[in-house]
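Structure data follow from coords_10.txt (compact mmCIF, C-alpha atoms):
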# COMPACT_ATOMS: atom_id res chain seq x y z
CA MET D 177 -0.13 -12.39 -20.79
CA LYS D 178 -3.53 -12.63 -19.17
CA LEU D 179 -5.00 -9.88 -16.98
CA HIS D 180 -7.72 -10.74 -14.49
CA THR D 181 -9.63 -7.51 -14.24
CA TYR D 182 -12.90 -5.73 -13.44
CA TYR D 183 -13.80 -2.49 -15.15
CA ARG D 184 -14.44 -0.61 -11.91
CA SER D 185 -11.46 -2.01 -9.98
CA SER D 186 -9.17 0.94 -9.35
CA ALA D 187 -6.10 -1.28 -9.05
CA SER D 188 -6.94 -3.02 -12.36
CA TYR D 189 -7.33 0.41 -13.96
CA ARG D 190 -3.77 1.26 -12.86
CA VAL D 191 -2.40 -1.83 -14.59
CA ARG D 192 -4.47 -1.23 -17.74
CA ILE D 193 -2.87 2.22 -18.02
CA ALA D 194 0.62 0.78 -17.46
CA LEU D 195 0.09 -1.88 -20.14
CA ASN D 196 -1.06 0.81 -22.57
CA LEU D 197 1.87 3.10 -21.75
CA LYS D 198 4.27 0.22 -22.40
CA GLY D 199 2.44 -0.64 -25.64
CA LEU D 200 1.57 -4.12 -24.36
CA ALA D 201 -1.55 -6.17 -24.94
CA ALA D 202 -2.94 -8.76 -22.53
CA GLU D 203 -5.81 -11.19 -22.91
CA GLU D 204 -8.46 -10.21 -20.36
CA SER D 205 -10.42 -12.38 -17.96
CA TYR D 206 -13.32 -10.58 -16.27
CA VAL D 207 -14.03 -11.06 -12.58
CA HIS D 208 -17.24 -9.36 -11.48
CA LEU D 209 -16.77 -8.17 -7.91
CA SER D 210 -20.45 -8.22 -6.96
CA LYS D 211 -22.32 -10.53 -9.36
CA ASN D 212 -22.85 -14.15 -8.26
CA GLY D 213 -21.92 -13.22 -4.69
CA GLY D 214 -18.59 -11.90 -5.99
CA GLU D 215 -16.76 -13.89 -8.65
CA GLN D 216 -13.49 -13.22 -6.81
CA PHE D 217 -14.60 -15.85 -4.27
CA ALA D 218 -15.31 -18.53 -6.89
CA PRO D 219 -12.97 -21.55 -6.78
CA ALA D 220 -11.38 -20.71 -10.15
CA PHE D 221 -10.21 -17.29 -8.98
CA ASP D 222 -9.57 -18.32 -5.39
CA ALA D 223 -6.99 -20.79 -6.71
CA ILE D 224 -5.18 -17.95 -8.48
CA ASN D 225 -5.33 -15.33 -5.74
CA PRO D 226 -6.37 -16.28 -2.19
CA GLN D 227 -6.49 -12.55 -1.43
CA HIS D 228 -9.59 -12.39 -3.67
CA LEU D 229 -8.39 -9.03 -4.96
CA LEU D 230 -7.81 -7.70 -8.45
CA PRO D 231 -5.82 -7.41 -10.60
CA VAL D 232 -3.85 -10.56 -11.26
CA LEU D 233 -1.48 -10.77 -14.20
CA GLU D 234 -0.34 -14.12 -15.54
CA ASP D 235 2.88 -13.96 -17.53
CA GLY D 236 3.42 -17.53 -18.66
CA ALA D 237 3.87 -19.53 -15.45
CA VAL D 238 4.44 -16.41 -13.33
CA VAL D 239 1.31 -15.31 -11.43
CA LEU D 240 1.56 -11.72 -10.26
CA THR D 241 -0.63 -9.97 -7.68
CA GLN D 242 -0.73 -6.40 -6.34
CA SER D 243 -0.96 -3.62 -8.90
CA LEU D 244 2.25 -1.78 -7.97
CA ALA D 245 4.27 -4.99 -8.00
CA ILE D 246 2.78 -5.82 -11.41
CA ILE D 247 3.62 -2.39 -12.83
CA GLU D 248 7.24 -2.60 -11.63
CA TYR D 249 7.49 -6.12 -13.06
CA LEU D 250 6.25 -4.93 -16.46
CA ASP D 251 8.70 -2.05 -16.35
CA GLU D 252 11.61 -4.35 -15.50
CA THR D 253 10.83 -7.08 -18.03
CA ARG D 254 9.43 -5.19 -21.02
CA PRO D 255 10.97 -2.53 -23.27
CA GLY D 256 9.31 0.77 -24.09
CA GLN D 257 8.54 3.88 -22.09
CA ALA D 258 9.97 3.70 -18.56
CA LEU D 259 7.38 3.92 -15.77
CA LEU D 260 10.00 4.55 -13.09
CA PRO D 261 12.84 7.10 -13.21
CA PRO D 262 16.47 6.03 -13.74
CA ASP D 263 17.76 7.42 -10.41
CA ALA D 264 17.21 5.94 -6.94
CA ALA D 265 15.85 9.17 -5.42
CA GLY D 266 13.43 9.57 -8.32
CA ARG D 267 12.28 5.96 -8.04
CA ALA D 268 11.75 6.45 -4.30
CA ARG D 269 9.67 9.56 -5.00
CA VAL D 270 7.51 7.85 -7.62
CA ARG D 271 7.02 4.83 -5.36
CA ALA D 272 6.13 7.08 -2.41
CA LEU D 273 3.58 9.06 -4.45
CA SER D 274 2.11 5.77 -5.71
CA GLN D 275 1.96 4.29 -2.21
CA ALA D 276 0.38 7.47 -0.80
CA ILE D 277 -2.57 6.52 -3.01
CA ALA D 278 -2.31 2.72 -3.11
CA CYS D 279 -1.68 2.28 0.63
CA ASP D 280 -3.14 5.33 2.32
CA ILE D 281 -6.24 6.29 0.33
CA HIS D 282 -7.55 3.42 -1.75
CA PRO D 283 -7.61 0.40 0.64
CA ILE D 284 -9.57 2.31 3.29
CA ASN D 285 -12.24 3.10 0.70
CA ASN D 286 -12.26 -0.24 -1.05
CA LEU D 287 -15.56 -2.04 -1.70
CA ARG D 288 -15.00 -4.67 1.00
CA VAL D 289 -14.40 -1.98 3.64
CA LEU D 290 -17.52 -0.02 2.65
CA LYS D 291 -19.49 -3.28 2.81
CA TYR D 292 -18.19 -4.03 6.32
CA LEU D 293 -19.13 -0.52 7.48
CA GLY D 294 -22.69 -1.09 6.31
CA ALA D 295 -23.25 -4.74 7.15
CA GLU D 296 -21.30 -5.09 10.42
CA LEU D 297 -21.40 -1.60 11.88
CA GLY D 298 -24.76 -0.39 10.58
CA VAL D 299 -23.23 2.72 9.04
CA SER D 300 -25.67 4.65 6.82
CA ASP D 301 -25.03 5.40 3.14
CA GLN D 302 -24.60 9.05 4.02
CA GLN D 303 -21.95 8.22 6.63
CA LYS D 304 -20.23 5.87 4.16
CA ASN D 305 -20.05 8.67 1.60
CA ALA D 306 -18.63 11.01 4.26
CA TRP D 307 -16.05 8.32 5.15
CA TYR D 308 -15.09 7.99 1.50
CA ARG D 309 -14.72 11.74 1.02
CA HIS D 310 -12.80 12.13 4.27
CA TRP D 311 -10.00 9.75 3.25
CA VAL D 312 -9.87 11.01 -0.33
CA GLY D 313 -9.78 14.63 0.86
CA LEU D 314 -7.09 13.96 3.44
CA GLY D 315 -4.95 11.94 1.06
CA LEU D 316 -5.24 14.25 -1.93
CA ALA D 317 -4.64 17.38 0.19
CA ALA D 318 -1.29 15.93 1.28
CA LEU D 319 -0.50 14.78 -2.26
CA GLU D 320 -1.32 18.24 -3.64
CA ARG D 321 1.18 19.81 -1.24
CA GLN D 322 3.84 17.22 -2.05
CA LEU D 323 3.38 17.75 -5.79
CA ALA D 324 3.02 21.55 -5.71
CA SER D 325 6.12 22.04 -3.54
CA SER D 326 8.56 19.83 -5.43
CA PRO D 327 10.78 20.86 -8.33
CA ASP D 328 10.59 17.22 -9.45
CA THR D 329 6.93 17.65 -10.40
CA GLY D 330 6.59 18.47 -14.08
CA LEU D 331 3.78 18.09 -16.55
CA PHE D 332 3.12 14.82 -14.74
CA CYS D 333 3.66 13.65 -11.14
CA HIS D 334 7.38 13.18 -11.75
CA GLY D 335 8.91 15.07 -14.65
CA ASP D 336 7.38 15.44 -18.07
CA GLN D 337 6.56 11.80 -18.79
CA PRO D 338 3.90 9.68 -17.07
CA THR D 339 5.16 7.27 -14.42
CA MET D 340 3.66 4.68 -12.08
CA ALA D 341 2.48 7.57 -9.89
CA ASP D 342 0.23 8.85 -12.68
CA CYS D 343 -1.07 5.29 -13.21
CA CYS D 344 -2.26 5.48 -9.58
CA LEU D 345 -3.46 9.09 -9.59
CA VAL D 346 -5.91 8.90 -12.50
CA PRO D 347 -7.98 5.96 -11.16
CA GLN D 348 -8.13 7.68 -7.76
CA LEU D 349 -9.44 10.85 -9.41
CA TYR D 350 -11.99 8.83 -11.36
CA ASN D 351 -13.26 7.30 -8.11
CA ALA D 352 -13.24 10.65 -6.34
CA ARG D 353 -15.53 12.06 -9.02
CA ARG D 354 -17.85 9.04 -8.72
CA PHE D 355 -18.27 9.88 -5.03
CA ASP D 356 -18.69 13.64 -5.70
CA CYS D 357 -15.53 14.58 -3.81
CA ASP D 358 -14.68 18.27 -4.00
CA LEU D 359 -11.40 18.49 -5.94
CA SER D 360 -11.29 22.27 -6.34
CA ALA D 361 -8.56 22.65 -3.71
CA PHE D 362 -6.16 20.45 -5.69
CA PRO D 363 -5.16 22.39 -8.81
CA THR D 364 -1.80 20.66 -9.35
CA ILE D 365 -3.44 17.26 -9.16
CA ALA D 366 -6.31 18.36 -11.41
CA ASN D 367 -3.94 19.68 -14.08
CA ILE D 368 -1.87 16.51 -14.06
CA GLY D 369 -5.10 14.53 -14.31
CA ILE D 370 -6.22 16.54 -17.36
CA ARG D 371 -2.86 16.00 -19.09
CA CYS D 372 -2.97 12.27 -18.38
CA GLU D 373 -6.54 11.81 -19.55
CA ALA D 374 -5.69 13.52 -22.84
CA LEU D 375 -3.29 10.67 -23.59
CA ASP D 376 -4.59 7.65 -25.44
CA ALA D 377 -2.97 5.20 -22.97
CA PHE D 378 -5.01 6.66 -20.10
CA ALA D 379 -8.19 7.27 -22.11
CA ARG D 380 -8.42 3.67 -23.37
CA ALA D 381 -8.08 2.32 -19.81
CA ARG D 382 -11.16 4.14 -18.52
CA PRO D 383 -13.66 1.90 -16.69
CA ASP D 384 -16.65 2.79 -18.85
CA LEU D 385 -14.77 1.85 -22.02
CA GLN D 386 -13.95 -1.70 -20.90
CA PRO D 387 -15.68 -4.70 -22.49
CA ASP D 388 -17.11 -5.75 -19.09
CA ALA D 389 -18.53 -2.28 -18.29
CA GLU D 390 -22.23 -2.22 -17.45
CA MET Z 163 20.76 9.73 7.75
CA LYS Z 164 17.96 10.76 10.05
CA LEU Z 165 14.90 8.60 10.72
CA HIS Z 166 11.70 10.23 11.97
CA THR Z 167 10.10 7.45 13.94
CA TYR Z 168 7.72 6.40 16.71
CA TYR Z 169 8.29 3.20 18.64
CA ARG Z 170 4.79 1.84 18.01
CA SER Z 171 4.54 2.88 14.34
CA SER Z 172 4.39 -0.32 12.37
CA ALA Z 173 5.79 1.31 9.24
CA SER Z 174 8.72 2.80 11.23
CA TYR Z 175 9.37 -0.66 12.67
CA ARG Z 176 9.71 -2.03 9.10
CA VAL Z 177 12.37 0.54 8.28
CA ARG Z 178 14.22 -0.03 11.58
CA ILE Z 179 14.49 -3.72 10.66
CA ALA Z 180 15.70 -2.88 7.14
CA LEU Z 181 18.35 -0.50 8.47
CA ASN Z 182 19.56 -3.18 10.87
CA LEU Z 183 19.62 -5.87 8.16
CA LYS Z 184 21.72 -3.56 5.97
CA GLY Z 185 24.02 -2.76 8.91
CA LEU Z 186 23.13 0.95 8.73
CA ALA Z 187 22.75 3.45 11.53
CA ALA Z 188 20.49 6.52 11.42
CA GLU Z 189 20.08 9.35 13.87
CA GLU Z 190 16.54 9.17 15.25
CA SER Z 191 13.98 11.92 15.71
CA TYR Z 192 10.96 10.88 17.76
CA VAL Z 193 7.46 11.90 16.73
CA HIS Z 194 4.84 10.96 19.32
CA LEU Z 195 1.63 10.13 17.48
CA SER Z 196 -0.74 10.93 20.36
CA LYS Z 197 1.07 13.26 22.80
CA ASN Z 198 0.52 17.03 22.37
CA GLY Z 199 -2.44 16.36 20.08
CA GLY Z 200 -0.17 14.31 17.83
CA GLU Z 201 3.33 15.61 17.14
CA GLN Z 202 2.92 14.59 13.49
CA PHE Z 203 0.67 17.64 13.07
CA ALA Z 204 3.21 20.10 14.55
CA PRO Z 205 4.63 22.63 12.05
CA ALA Z 206 8.14 21.12 12.20
CA PHE Z 207 6.94 17.70 11.04
CA ASP Z 208 4.19 19.02 8.77
CA ALA Z 209 6.89 20.81 6.77
CA ILE Z 210 8.72 17.49 6.27
CA ASN Z 211 5.71 15.28 5.50
CA PRO Z 212 2.29 16.80 4.77
CA GLN Z 213 0.88 13.27 4.97
CA HIS Z 214 1.57 13.41 8.74
CA LEU Z 215 2.60 9.77 8.61
CA LEU Z 216 5.72 7.98 9.77
CA PRO Z 217 8.40 7.07 8.97
CA VAL Z 218 10.38 9.71 7.12
CA LEU Z 219 14.02 9.14 6.26
CA GLU Z 220 16.30 12.06 5.45
CA ASP Z 221 19.38 11.10 3.46
CA GLY Z 222 21.26 14.37 3.05
CA ALA Z 223 18.93 16.60 1.04
CA VAL Z 224 16.70 13.69 -0.03
CA VAL Z 225 13.53 13.41 2.05
CA LEU Z 226 11.92 9.98 1.73
CA THR Z 227 8.41 8.96 2.76
CA GLN Z 228 6.51 5.65 2.66
CA SER Z 229 8.21 2.68 4.32
CA LEU Z 230 8.36 0.41 1.26
CA ALA Z 231 9.81 3.17 -0.92
CA ILE Z 232 12.39 3.87 1.81
CA ILE Z 233 13.38 0.20 2.08
CA GLU Z 234 13.84 -0.12 -1.69
CA TYR Z 235 15.88 3.12 -1.71
CA LEU Z 236 18.16 1.79 1.03
CA ASP Z 237 18.55 -1.46 -0.87
CA GLU Z 238 19.42 0.35 -4.11
CA THR Z 239 21.85 2.88 -2.62
CA ARG Z 240 23.61 0.95 0.16
CA PRO Z 241 25.75 -2.18 0.06
CA GLY Z 242 25.21 -5.19 2.29
CA GLN Z 243 22.53 -7.85 2.45
CA ALA Z 244 20.00 -7.53 -0.39
CA LEU Z 245 16.41 -6.97 0.74
CA LEU Z 246 14.97 -7.77 -2.70
CA PRO Z 247 15.79 -10.78 -4.90
CA PRO Z 248 17.96 -10.44 -8.02
CA ASP Z 249 15.26 -11.66 -10.47
CA ALA Z 250 12.21 -9.71 -11.65
CA ALA Z 251 9.71 -12.45 -10.74
CA GLY Z 252 11.23 -12.73 -7.27
CA ARG Z 253 11.14 -8.98 -6.78
CA ALA Z 254 7.50 -8.92 -7.88
CA ARG Z 255 6.70 -11.67 -5.37
CA VAL Z 256 8.46 -9.90 -2.49
CA ARG Z 257 6.79 -6.61 -3.39
CA ALA Z 258 3.39 -8.29 -3.61
CA LEU Z 259 3.80 -10.00 -0.22
CA SER Z 260 4.91 -6.68 1.26
CA GLN Z 261 1.99 -4.81 -0.29
CA ALA Z 262 -0.49 -7.46 0.86
CA ILE Z 263 0.44 -6.26 4.35
CA ALA Z 264 1.33 -2.61 3.73
CA CYS Z 265 -1.67 -1.86 1.49
CA ASP Z 266 -4.34 -4.38 2.41
CA ILE Z 267 -4.01 -4.97 6.16
CA HIS Z 268 -2.17 -2.17 7.89
CA PRO Z 269 -3.78 1.06 6.57
CA ILE Z 270 -7.31 -0.14 7.39
CA ASN Z 271 -6.22 -0.72 11.00
CA ASN Z 272 -4.05 2.34 11.38
CA LEU Z 273 -4.52 4.61 14.40
CA ARG Z 274 -6.21 7.39 12.44
CA VAL Z 275 -8.81 4.96 11.05
CA LEU Z 276 -9.58 3.50 14.49
CA LYS Z 277 -9.94 7.06 15.81
CA TYR Z 278 -12.40 7.96 13.03
CA LEU Z 279 -14.46 4.84 13.77
CA GLY Z 280 -14.78 5.91 17.40
CA ALA Z 281 -15.09 9.68 17.11
CA GLU Z 282 -17.14 10.04 13.91
CA LEU Z 283 -19.12 6.81 13.77
CA GLY Z 284 -19.55 6.11 17.47
CA VAL Z 285 -18.13 2.61 17.12
CA SER Z 286 -17.48 0.90 20.48
CA ASP Z 287 -14.08 -0.36 21.60
CA GLN Z 288 -15.35 -3.91 21.26
CA GLN Z 289 -16.44 -3.28 17.65
CA LYS Z 290 -13.10 -1.59 16.93
CA ASN Z 291 -11.25 -4.64 18.19
CA ALA Z 292 -13.47 -6.88 16.05
CA TRP Z 293 -12.73 -4.62 13.06
CA TYR Z 294 -9.01 -4.90 13.73
CA ARG Z 295 -9.10 -8.68 14.05
CA HIS Z 296 -11.29 -9.03 10.96
CA TRP Z 297 -8.78 -7.34 8.62
CA VAL Z 298 -5.77 -9.01 10.24
CA GLY Z 299 -7.45 -12.41 10.03
CA LEU Z 300 -8.54 -11.97 6.44
CA GLY Z 301 -5.15 -10.65 5.33
CA LEU Z 302 -3.03 -13.20 7.17
CA ALA Z 303 -5.23 -16.11 6.06
CA ALA Z 304 -4.56 -15.19 2.42
CA LEU Z 305 -0.87 -14.61 3.12
CA GLU Z 306 -0.61 -17.99 4.85
CA ARG Z 307 -2.01 -19.70 1.76
CA GLN Z 308 0.28 -17.76 -0.56
CA LEU Z 309 3.34 -18.62 1.54
CA ALA Z 310 2.43 -22.26 2.27
CA SER Z 311 1.68 -23.05 -1.38
CA SER Z 312 4.77 -21.55 -2.99
CA PRO Z 313 8.09 -23.29 -3.61
CA ASP Z 314 9.68 -19.82 -3.36
CA THR Z 315 8.93 -19.68 0.37
CA GLY Z 316 11.93 -20.84 2.37
CA LEU Z 317 13.03 -20.26 5.93
CA PHE Z 318 11.75 -16.74 5.34
CA CYS Z 319 8.97 -15.28 3.15
CA HIS Z 320 11.13 -15.56 0.04
CA GLY Z 321 14.01 -18.01 0.16
CA ASP Z 322 16.36 -18.49 3.07
CA GLN Z 323 17.33 -14.86 3.69
CA PRO Z 324 15.08 -12.12 5.07
CA THR Z 325 13.68 -9.69 2.51
CA MET Z 326 11.44 -6.62 2.52
CA ALA Z 327 8.47 -8.98 2.96
CA ASP Z 328 9.81 -10.14 6.34
CA CYS Z 329 10.38 -6.49 7.31
CA CYS Z 330 6.61 -6.06 6.81
CA LEU Z 331 5.47 -9.35 8.32
CA VAL Z 332 7.10 -9.05 11.73
CA PRO Z 333 5.59 -5.64 12.67
CA GLN Z 334 2.18 -6.91 11.51
CA LEU Z 335 2.54 -9.96 13.77
CA TYR Z 336 3.60 -7.75 16.65
CA ASN Z 337 0.46 -5.64 16.21
CA ALA Z 338 -1.73 -8.72 15.80
CA ARG Z 339 -0.53 -9.99 19.19
CA ARG Z 340 -1.22 -6.59 20.77
CA PHE Z 341 -4.82 -6.91 19.64
CA ASP Z 342 -5.10 -10.57 20.72
CA CYS Z 343 -5.62 -11.85 17.19
CA ASP Z 344 -5.79 -15.63 16.93
CA LEU Z 345 -2.74 -16.66 14.88
CA SER Z 346 -3.04 -20.44 15.38
CA ALA Z 347 -4.33 -21.00 11.84
CA PHE Z 348 -1.18 -19.49 10.31
CA PRO Z 349 1.68 -21.94 11.01
CA THR Z 350 3.85 -20.93 8.04
CA ILE Z 351 3.63 -17.28 9.03
CA ALA Z 352 4.24 -18.09 12.70
CA ASN Z 353 7.37 -20.12 11.91
CA ILE Z 354 8.79 -17.40 9.69
CA GLY Z 355 8.04 -14.91 12.46
CA ILE Z 356 9.92 -16.99 15.00
CA ARG Z 357 12.95 -17.29 12.70
CA CYS Z 358 12.94 -13.54 12.07
CA GLU Z 359 12.61 -12.58 15.70
CA ALA Z 360 15.57 -14.79 16.57
CA LEU Z 361 17.76 -12.53 14.44
CA ASP Z 362 19.43 -9.56 16.06
CA ALA Z 363 18.31 -7.16 13.26
CA PHE Z 364 14.66 -7.90 14.00
CA ALA Z 365 15.03 -8.14 17.78
CA ARG Z 366 16.71 -4.74 18.13
CA ALA Z 367 13.93 -3.07 16.11
CA ARG Z 368 11.15 -4.14 18.50
CA PRO Z 369 8.92 -1.29 19.67
CA ASP Z 370 9.45 -1.88 23.41
CA LEU Z 371 13.23 -1.66 23.00
CA GLN Z 372 13.21 1.78 21.35
CA PRO Z 373 14.47 4.86 23.24
CA ASP Z 374 11.03 6.52 22.92
CA ALA Z 375 9.10 3.49 24.25
CA GLU Z 376 6.83 4.21 27.19

Spit out the file's structure as structure tokens when you get a sec.
Amino acid sequence: MKLHTYYRSSASYRVRIALNLKGLAAEESYVHLSKNGGEQFAPAFDAINPQHLLPVLEDGAVVLTQSLAIIEYLDETRPGQALLPPDAAGRARVRALSQAIACDIHPINNLRVLKYLGAELGVSDQQKNAWYRHWVGLGLAALERQLASSPDTGLFCHGDQPTMADCCLVPQLYNARRFDCDLSAFPTIANIGIRCEALDAFARARPDLQPDAE
Amino acid sequence: MKLHTYYRSSASYRVRIALNLKGLAAEESYVHLSKNGGEQFAPAFDAINPQHLLPVLEDGAVVLTQSLAIIEYLDETRPGQALLPPDAAGRARVRALSQAIACDIHPINNLRVLKYLGAELGVSDQQKNAWYRHWVGLGLAALERQLASSPDTGLFCHGDQPTMADCCLVPQLYNARRFDCDLSAFPTIANIGIRCEALDAFARARPDLQPDAE
């Protein structure tokens, strides 16, 4: 397998965690999202993913895009620790928690959106930071309530083993800290984050520990 | 089953199509996203979904959020036409096509984001429309290339039967037309859209045909 990745890409980070949790290794190809005008726009990567987004996982002839689709694919095709629960309601819950981050927080704060705010709309850095914190705060406040109120929440987002939802949560927390978001109102999330980051599979996936980190 | 829905909610529209494709009926509860300061913020709905987003599907005691998670749940728990392919690579492709819309186009253009642009950043209506068209154009251009270049694309996004990806595509096209997006560069997408909209399951789910349409 070959993972096209960038150390700071939140969606790549999710897949790195999932690979580690499954005990899988992938060759890595590094795509720098700002150097050389953005290597995601270079012909070599454009041919692989016209979305110009990371990560991409190549599994033989199968080219996979979208981090959640990749994680489910790995879970379905590889043995080892399950990243989704065995029951339909549990799977729906883990997918919903994952999508609450991967659809409703992250894309609004993605690099390309922040760039558009600055370049096209003349939004100041201060306003961009407020934008970032607004969507993180709104999203995590809802997630905190969903996690804190459910008997399905355990040591991790769903039960006592990490799932796809935790693969999404930890990169979002990492980004939130980068942007100095106030996380004090989210104790359930913070505790799950601490438990995840104590695990080797999460720790090894951290952006600053990647070979392409600057 | 009970579907909390709003006629213009793109994510609700996806689930309405999926229910129709599966031949399922759900009682509907209407949540008006702008009347009364937004009925999604009222205590009754806040208790069901602290994200304040639609749709929500109640299946007995199971409360489901996030449209893609709901569609997969319906597919896993109900008989009838499959909305995801039987093979892992096919499922990954359908999920990735769905997420390319549900993560990377729709949330950036969602009502709450457009409101923030206007109220907090003083962005004009003209700039908001340009923003909308920018993300739709970028997202659909990539999707067009992914669909046009793949032997897995058939009469529909994946093969010759509608899948979850088509449930996402049609509401996105509906919205794109509302905002006068130029779709002439996306012939593969347009043809799939026409085939979908000719089917009763898609036609009956259209926003303007819903009981709560204005």

Given a cut-off of 9 Å, which residues of chain Z touch chain D, counting only C-alpha atoms, written out as an NGL selection string? :Z and (211-214 or 224-232 or 234-235 or 238-239 or 250-251 or 253-259 or 261-262 or 264-271 or 275 or 278 or 282-283 or 285 or 289 or 293 or 300-301 or 303-305 or 307-308)

Between D:Ala194, D:Leu200, D:Ser210, D:Thr181, which has the minimum distance to Pro338 (chain D) (counting only C-alpha atoms)?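 For Pro338 (chain D), the nearest of the given residues is D:Ala194.
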
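Between CA of Lys184 (chain Z) and CA of Ala327 (chain Z) there is a distance of 14.6 Å.
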
Please provide as a ChimeraX atom specification all residues within 6 Å of region 366-377 of chain D, with the sequence filter that same-chain residues fewer than 4 positions apart are discarded (counting all atoms listed in the file). /D:193,196-197,332,346

Straight-line distance linking CA of Ser188 (chain D) with CA of Cys333 (chain D), stated in Å to one decimal: 19.8 Å

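As for CA of Pro383 (chain D) and CA of Tyr183 (chain D), they are spaced 4.7 Å apart.
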
Might you pull out every residue within 6 Å of Lys164 (chain Z), with only C-alpha atoms counted and same-chain residues fewer than 2 positions away left off, and present them as JSON, numbers by chain? {"Z": [188, 189, 190, 219, 220]}

Draw an axis-aligned box tight on the listed atoms of region 298-302 of chain Z, then pad every side by 3 Å and write out centre and edge lengths in Å to one decimal as lines of an AutoDock Vina configuration file.
center_x = -5.8
center_y = -11.1
center_z = 7.8
size_x = 11.5
size_y = 10.2
size_z = 10.9

Which is closest to Arg339 (chain Z) among Z:Tyr294, Z:Gln288, Z:Ala173, Z:Ala367, if we use all atoms listed in the file?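 That would be Z:Tyr294, the residue with the smallest distance to Arg339 (chain Z).
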
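Between Arg295 (chain Z) and the residues Z:Cys343, Z:Leu273, Z:Thr315, Z:Asn337, the shortest atom-to-atom distance, using only C-alpha atoms, involves Z:Cys343.
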